[in-house]
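For reference, the structure discussed in these notes is given below.
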Protein chains: 4
Amino acid sequence: MANSFGKLYTLTTFGESHGEAIGGIIDGCPAGVKLDLIAIQNEMDRRKPGQSKIVTQRKEPDEIQFLSGIFEGKTTGASIGFIIKNVHQRSKDYSHIKDSYRPSHADYTYDKKYGNRDYRGGGRTSARETANWVVGGAVAKQVIPEIKINAFTSSVGDIFMEKPYQDVDFTKIENNIVRCPDENSAKKMIARIEEIKKQGDTIGGTITCVIQNVPVGLGEPIFDKLHAQLGKAMLSINAVKGFEYGSGFCGARMKGSEHNDIFNADGSTKSNLSGGIQGGISNGMDIYFRVAFKPVATIMKLQSTIDKDGNVLEMQGKGRHDPCVVPRAVPIVEALAAMVLTDFMLLNN
Amino acid sequence: MANSFGKLYTLTTFGESHGEAIGGIIDGCPAGVKLDLIAIQNEMDRRKPGQSKIVTQRKEPDEIQFLSGIFEGKTTGASIGFIIKNVHQRSKDYSHIKDSYRPSHADYTYDKKYGNRDYRGGGRTSARETANWVVGGAVAKQVIPEIKINAFTSSVGDIFMEKPYQDVDFTKIENNIVRCPDENSAKKMIARIEEIKKQGDTIGGTITCVIQNVPVGLGEPIFDKLHAQLGKAMLSINAVKGFEYGSGFCGARMKGSEHNDIFNADGSTKSNLSGGIQGGISNGMDIYFRVAFKPVATIMKLQSTIDKDGNVLEMQGKGRHDPCVVPRAVPIVEALAAMVLTDFMLLNN
Amino acid sequence: MANSFGKLYTLTTFGESHGEAIGGIIDGCPAGVKLDLIAIQNEMDRRKPGQSKIVTQRKEPDEIQFLSGIFEGKTTGASIGFIIKNVHQRSKDYSHIKDSYRPSHADYTYDKKYGNRDYRGGGRTSARETANWVVGGAVAKQVIPEIKINAFTSSVGDIFMEKPYQDVDFTKIENNIVRCPDENSAKKMIARIEEIKKQGDTIGGTITCVIQNVPVGLGEPIFDKLHAQLGKAMLSINAVKGFEYGSGFCGARMKGSEHNDIFNADGSTKSNLSGGIQGGISNGMDIYFRVAFKPVATIMKLQSTIDKDGNVLEMQGKGRHDPCVVPRAVPIVEALAAMVLTDFMLLNN
Amino acid sequence: MANSFGKLYTLTTFGESHGEAIGGIIDGCPAGVKLDLIAIQNEMDRRKPGQSKIVTQRKEPDEIQFLSGIFEGKTTGASIGFIIKNVHQRSKDYSHIKDSYRPSHADYTYDKKYGNRDYRGGGRTSARETANWVVGGAVAKQVIPEIKINAFTSSVGDIFMEKPYQDVDFTKIENNIVRCPDENSAKKMIARIEEIKKQGDTIGGTITCVIQNVPVGLGEPIFDKLHAQLGKAMLSINAVKGFEYGSGFCGARMKGSEHNDIFNADGSTKSNLSGGIQGGISNGMDIYFRVAFKPVATIMKLQSTIDKDGNVLEMQGKGRHDPCVVPRAVPIVEALAAMVLTDFMLLNN
């Protein structure tokens, strides 16, 4: 009931980080789409652990196995089942948290909600789940190839990208390990993450996503506004605390005479504080939004916490965790955006 | 398809500001709830136009007529149909926008999406629709009376409430016309709105909402996270550009060692940067979030725009519009929050 | 949660027979459909009580009032709200059943499920609800004018229409009050109903529906098979006990070599035991199905029953009820079929 | 979009008979249910091919592999992913139907709908899909162990079970290979199937299902009536042409005075023509319904058909097919019934 996403193009998922495999089912993918499987695996590789020195050093190959819905290289219109085997299962790593609640994790809420929890690697709360989403998004991107979706790291802690998105080249996003298209800002961000990592601490950040070449008319006017669905999607990502599009929270400080986007004769607008969406419906201008990620909760420092019986104890993170989740979250943001856009494109037909 | 909200407790709506009536159907309301109809009408009055000098001077009594689902003062479990008659229809007011697109309104996107539009008062895009939402929320509040939901104006333009929410008294929210529980801040906000109104301009602002006494365990872990549903709900309100909960965008600048909420022995936490939600599930602490509203697009100043044929022309707002939407949006934020919480309470049973 | 029908073209309804009005909201109706309101009211008139000597003699004008979603004679793409006032409310008629359970009615199950019931005219269980469905279907018919939907009475008690549907003229359905296109059979059916009515009894019957000019490819292969949705729709009508399509229950007695429909060169089939659907998907041949209605439970004869406290008592039907529900159910069957087909047509775009 | 079933307890599936595996995801299963995996596999074995001389002689072990949602023998509340490997893939068997349409199969409709088809073993149309449903149902049965669900073969061709269900012992259903609890009738049915098989032909039949110990109050009154959901579920099974519950089509020939179920003082009824459901809601009596299956379309006799280009040709079934689908469909009927009941039990909480 809560493991499905989308209305016409839907992704339903399963899997815990320490089970045999995770996976999902894509339903509603149109028939006849030629799938580039290498492009899909590339998206997986952008998300996978161990890809650089500033992310977790766990190794997971994250190889997708498609089990149905594809025949002779094309989608058939049938549901697409896939699994991703969990290669790197080290259950013993997690014995120390079996009966304790890690601060600012979901251990406590899961235990209270379900009466039991799969404590191995966070069970279903593990961000490993997002590997499934990247599959759903990578397929979606191929359903709507005309729409360009680019996300990038726009801040790490107090270090913000120094240029507006219009002034950077999105082809440079993958040029550095923090996924910021402005080289100068990227260097500072990487240095900041390395410093934090040495401290055994973690740090938050933001991702900006720009969606271009969207036809006019996507989105539904009342409860399925285009930006409301994008917002819900982004707020589903682990660690996300906020979402804004167009002028966002800055817009709340502005006057109408400053904020209104004046039309050109062709229906485009001179400014784009609306963020490409008016009344919940795309207007053909760039859609852009920003997503806030809190710092990862697992830190290598000693913290006070409690166990199931309310005993206070000290706990320290073990294993290999991300000092900053943002670089690996970039493809996740894109994947969810791609699924939302595909859903609306199919609804609009 | 896009006019329904909720999963078990659902609201489906209809209506244009210049039709005969707007209305809706509440489905999934449990049987046996004693309804206080005066309390419901009170919520309507908090939203209605003409209530103070800083909002639009249109007059609409906004009287709800319930048509079904209530018998001998109690809900029967059947769907609850209601209508709100449109008393104040002045179609002639809108003739000047029949063939033109107001900047930063939905006129252009509607016309392109549907090929026609009901230009009278914005048709279905009118914020009049939110009167239906207030009905849905007012009933919801009575389904979950134990949960306390308080929203208030936390900023108008650059004027922010000067105290954290923990230091104010929510019973004072209705003491002033801008709905800010801190009197000192309220005065400044009101003065700012009056000044803007004199300029024929409009101004944005933010609303903060605090939800208290929520049981542990509401929310679904993957795609229907409690905050994701709250975010989607808020992003459905006209003029909203952003949503953040707990530490929000500030959290993205913090370190894990600063951000983690350390447990007390009873499972409550010493700090609450999580905003009452961990892993998408309520943890029993206060849930709080902030919503950003852009300035109203209709201003009394002359602006350049285009008509259907791409001719550039000048346009000036007519009629009586809100200089700042935030005071009247406070009950709307509460209403949507109440519906989301009711839905999760029913799911959790 | 249970008052909505459809996926893209949806109808959500409310109303009790003895409230002020019933009504509904049609969502997902495409923009730009020119609505013939007289044709819609005609469908209402086919269903309304008091239309002939063989139906209930209650008088309800059943005038639809559309409140939104239509502008200058065309649909706007916005949700279409409508109400039907209840003119004929005689609450006193029902006092005798306030605390008793009528046999084979839903009084007992409602009371146990909801803990209270609106005993006036059956409350939400009243077949008056189906007036809402006829509105939804009448609009749907105008969305898909190319598809021809004809239902008719195919049996009353033991009297079956004497010809296969291929041998009758659907334009004659409305020529007689029982709505059977074969005049000879119609006369016998009418006589049977009159006889039953004199006995103070009621009688069951069946309706056959034929859907023609359906494009190939409607229906989804696994859980939303075209016939499964039609079946669910028909089983939603009060008093329906069975549904079969194509060869139906007869098909269960046949051999494969008898039952298979052999193709013509153009893809049409020589026989049509499949009933126009193969693998859940329309094949372009006539879709036909049959719906079984039990006899109306309210009879004018004395019956034993119980009250809320389990006391056995005698009860006799009062008021004006249908001796046979089938003639008035014909437009209801068509309406639901039209909504199902419209939904699949929109999904297929 | 069409590969999901249920509202709170949902099953989403994928898989073609000739891919690597089929499988599914169960969502909404409550946490803490102790799963008897052997009982689940037993249900699979009741459906699997090759189990007796009167069913297809293909061999598929149909071993379920659960991949998530179960920890230490209990459900965790997380989604339950599973796969069933396809051991018996013999693609070459199907080369003769690659470009031809088998009569009364879904080849033609699939090809027209999707523009391509996976011709290996029918692709997604294969009844192999129902193995997934049996998993969903077998888990569901363990969620609602108090409810007793028994289906059995009630007719094969013209041979009907000679006793009413009240006079047979459901524990005898598995005593014979046709799954009819009346030994005498079973013998005749088996002989009939063997005879038909020798002819290279196939035969239809019916399954009756009885659900006992259902609490009063399951089902929703308007569009999600308990029997409407059961009907939709059964009509989803390959080869099903009809559904009736309680008095069914016989009820359409009866008078109200004969059909009404008179109450006992305790709320139970003396007769049960209602079939345990009144107004769409269970009344605590036995729920029973009957499902009609057409004869399997693949016969070993020569038939005329067409290819993609409209050329008429002769075709003969190859391989190992069921002469009568009914014995293997018994556990499928139970599985779907179990999922429907579980869904309503969860909704009713």
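Just so we're on the same page: first chain in the structure tokens is A, next is B, and so on; residues restart at 1 for each chain, and ligands are numbered from 1 in the order they show up.
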Extract, using only C-alpha atoms, all DNA, RNA and protein residues at most 7 Å from Pro323 in chain B, discarding same-chain residues fewer than 3 positions from it, and format them as a ChimeraX atom specification.
-> /B:54-55,193,196-197,201-203,296
Write out as a PyMOL selection string which residues come within 12 Å of range 154-163 of chain B when counting only C-alpha atoms, dropping same-chain ones fewer than 4 positions away.
-> (chain A and resi 249-256) or (chain B and resi 150+167-169+173+178-196+202-210+289-295+323-327+329-330)
Taking the DSSP assignment computed from this structure's backbone, write out as a PyMOL selection string all residues of range 218-275 of chain C that belong to helix (DSSP H, G or I).
-> chain C and resi 226-235+248-251+256-259
How about saving the chosen residues, C-alpha atoms kept, as a PDB file, in the first residue's frame?
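For reference, out.pdb as written:
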ATOM      1  CA  LEU C 226     -12.621  -5.556 -19.849  1.00  0.00           C
ATOM      2  CA  HIS C 227     -15.188  -8.155 -18.802  1.00  0.00           C
ATOM      3  CA  ALA C 228     -13.976  -8.136 -15.189  1.00  0.00           C
ATOM      4  CA  GLN C 229     -14.649  -4.408 -14.965  1.00  0.00           C
ATOM      5  CA  LEU C 230     -18.022  -4.822 -16.657  1.00  0.00           C
ATOM      6  CA  GLY C 231     -18.831  -7.627 -14.242  1.00  0.00           C
ATOM      7  CA  LYS C 232     -17.826  -5.613 -11.215  1.00  0.00           C
ATOM      8  CA  ALA C 233     -19.917  -2.699 -12.472  1.00  0.00           C
ATOM      9  CA  MET C 234     -23.014  -4.831 -12.978  1.00  0.00           C
ATOM     10  CA  LEU C 235     -22.594  -6.610  -9.637  1.00  0.00           C
ATOM     11  CA  GLY C 248     -21.340 -17.570 -20.089  1.00  0.00           C
ATOM     12  CA  PHE C 249     -22.513 -20.480 -17.979  1.00  0.00           C
ATOM     13  CA  CYS C 250     -23.515 -22.336 -21.141  1.00  0.00           C
ATOM     14  CA  GLY C 251     -19.889 -22.219 -22.202  1.00  0.00           C
ATOM     15  CA  GLY C 256     -13.304 -26.598 -27.094  1.00  0.00           C
ATOM     16  CA  SER C 257     -14.005 -27.712 -30.636  1.00  0.00           C
ATOM     17  CA  GLU C 258     -17.525 -26.289 -30.338  1.00  0.00           C
ATOM     18  CA  HIS C 259     -16.584 -23.155 -28.442  1.00  0.00           C
TER      19      HIS C 259
END
Find, counting only C-alpha atoms, the residue in D:Asp27, D:Glu174, D:Glu63, D:Glu16 that gets nearest to chain C.
->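 Once distances to chain C are computed over only C-alpha atoms, the minimum belongs to D:Glu16.
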Under the rule of at most 9 Å, produce a per-residue listing of chain A near chain D: chain, number, name, the closest pair of atoms, and the distance in Å, as a Markdown table, using only C-alpha atoms.
| residue | atom | partner | partner_atom | distance |
| --- | --- | --- | --- | --- |
| A:Met1 | CA | D:Gly28 | CA | 5.3 |
| A:Ala2 | CA | D:Asp27 | CA | 7.5 |
| A:Asn3 | CA | D:Asp27 | CA | 6.9 |
| A:Ser4 | CA | D:Asp27 | CA | 8.8 |
| A:Lys7 | CA | D:Met1 | CA | 7.3 |
| A:Leu8 | CA | D:Met1 | CA | 5.8 |
| A:Tyr9 | CA | D:Met1 | CA | 7.2 |
| A:Thr10 | CA | D:Met1 | CA | 6.8 |
| A:Thr12 | CA | D:Thr12 | CA | 7.5 |
| A:Thr13 | CA | D:Ile25 | CA | 7.3 |
| A:Phe14 | CA | D:Ser79 | CA | 5.3 |
| A:Gly15 | CA | D:Ser68 | CA | 5.1 |
| A:Glu16 | CA | D:Ser68 | CA | 6.3 |
| A:Gly19 | CA | D:Ser68 | CA | 6.1 |
| A:Glu20 | CA | D:Leu67 | CA | 5.9 |
| A:Ala21 | CA | D:Leu67 | CA | 6.0 |
| A:Ile22 | CA | D:Leu67 | CA | 7.2 |
| A:Gly23 | CA | D:Gly81 | CA | 7.7 |
| A:Gly24 | CA | D:Ile25 | CA | 7.8 |
| A:Ile25 | CA | D:Phe14 | CA | 6.9 |
| A:Ile26 | CA | D:Phe14 | CA | 8.8 |
| A:Asp27 | CA | D:Met1 | CA | 5.6 |
| A:Gly28 | CA | D:Met1 | CA | 5.3 |
| A:Pro30 | CA | D:Tyr114 | CA | 8.2 |
| A:Ala31 | CA | D:Tyr114 | CA | 5.7 |
| A:Gly32 | CA | D:Asn116 | CA | 7.4 |
| A:Phe66 | CA | D:Glu20 | CA | 8.9 |
| A:Leu67 | CA | D:Glu20 | CA | 5.9 |
| A:Ser68 | CA | D:Gly15 | CA | 5.1 |
| A:Gly69 | CA | D:Gly15 | CA | 7.1 |
| A:Ile70 | CA | D:Asp118 | CA | 8.7 |
| A:Phe71 | CA | D:Asp118 | CA | 6.4 |
| A:Glu72 | CA | D:Asp118 | CA | 8.8 |
| A:Thr76 | CA | D:Arg117 | CA | 6.4 |
| A:Gly77 | CA | D:Tyr114 | CA | 6.4 |
| A:Ala78 | CA | D:Arg124 | CA | 6.6 |
| A:Ser79 | CA | D:Phe14 | CA | 5.3 |
| A:Ile80 | CA | D:Phe14 | CA | 6.4 |
| A:Gly81 | CA | D:Phe14 | CA | 5.6 |
| A:Tyr114 | CA | D:Ala31 | CA | 5.7 |
| A:Gly115 | CA | D:Gly32 | CA | 7.3 |
| A:Asn116 | CA | D:Thr76 | CA | 6.6 |
| A:Arg117 | CA | D:Thr76 | CA | 6.4 |
| A:Asp118 | CA | D:Phe71 | CA | 6.4 |
| A:Gly123 | CA | D:Ala78 | CA | 8.8 |
| A:Arg124 | CA | D:Ala78 | CA | 6.6 |
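The residue set within 9 Å of Asn349 in chain D, counting only C-alpha atoms and dropping same-chain residues fewer than 6 places from it, reads Leu346, Leu347, Asn348 and Asn349 of chain B.
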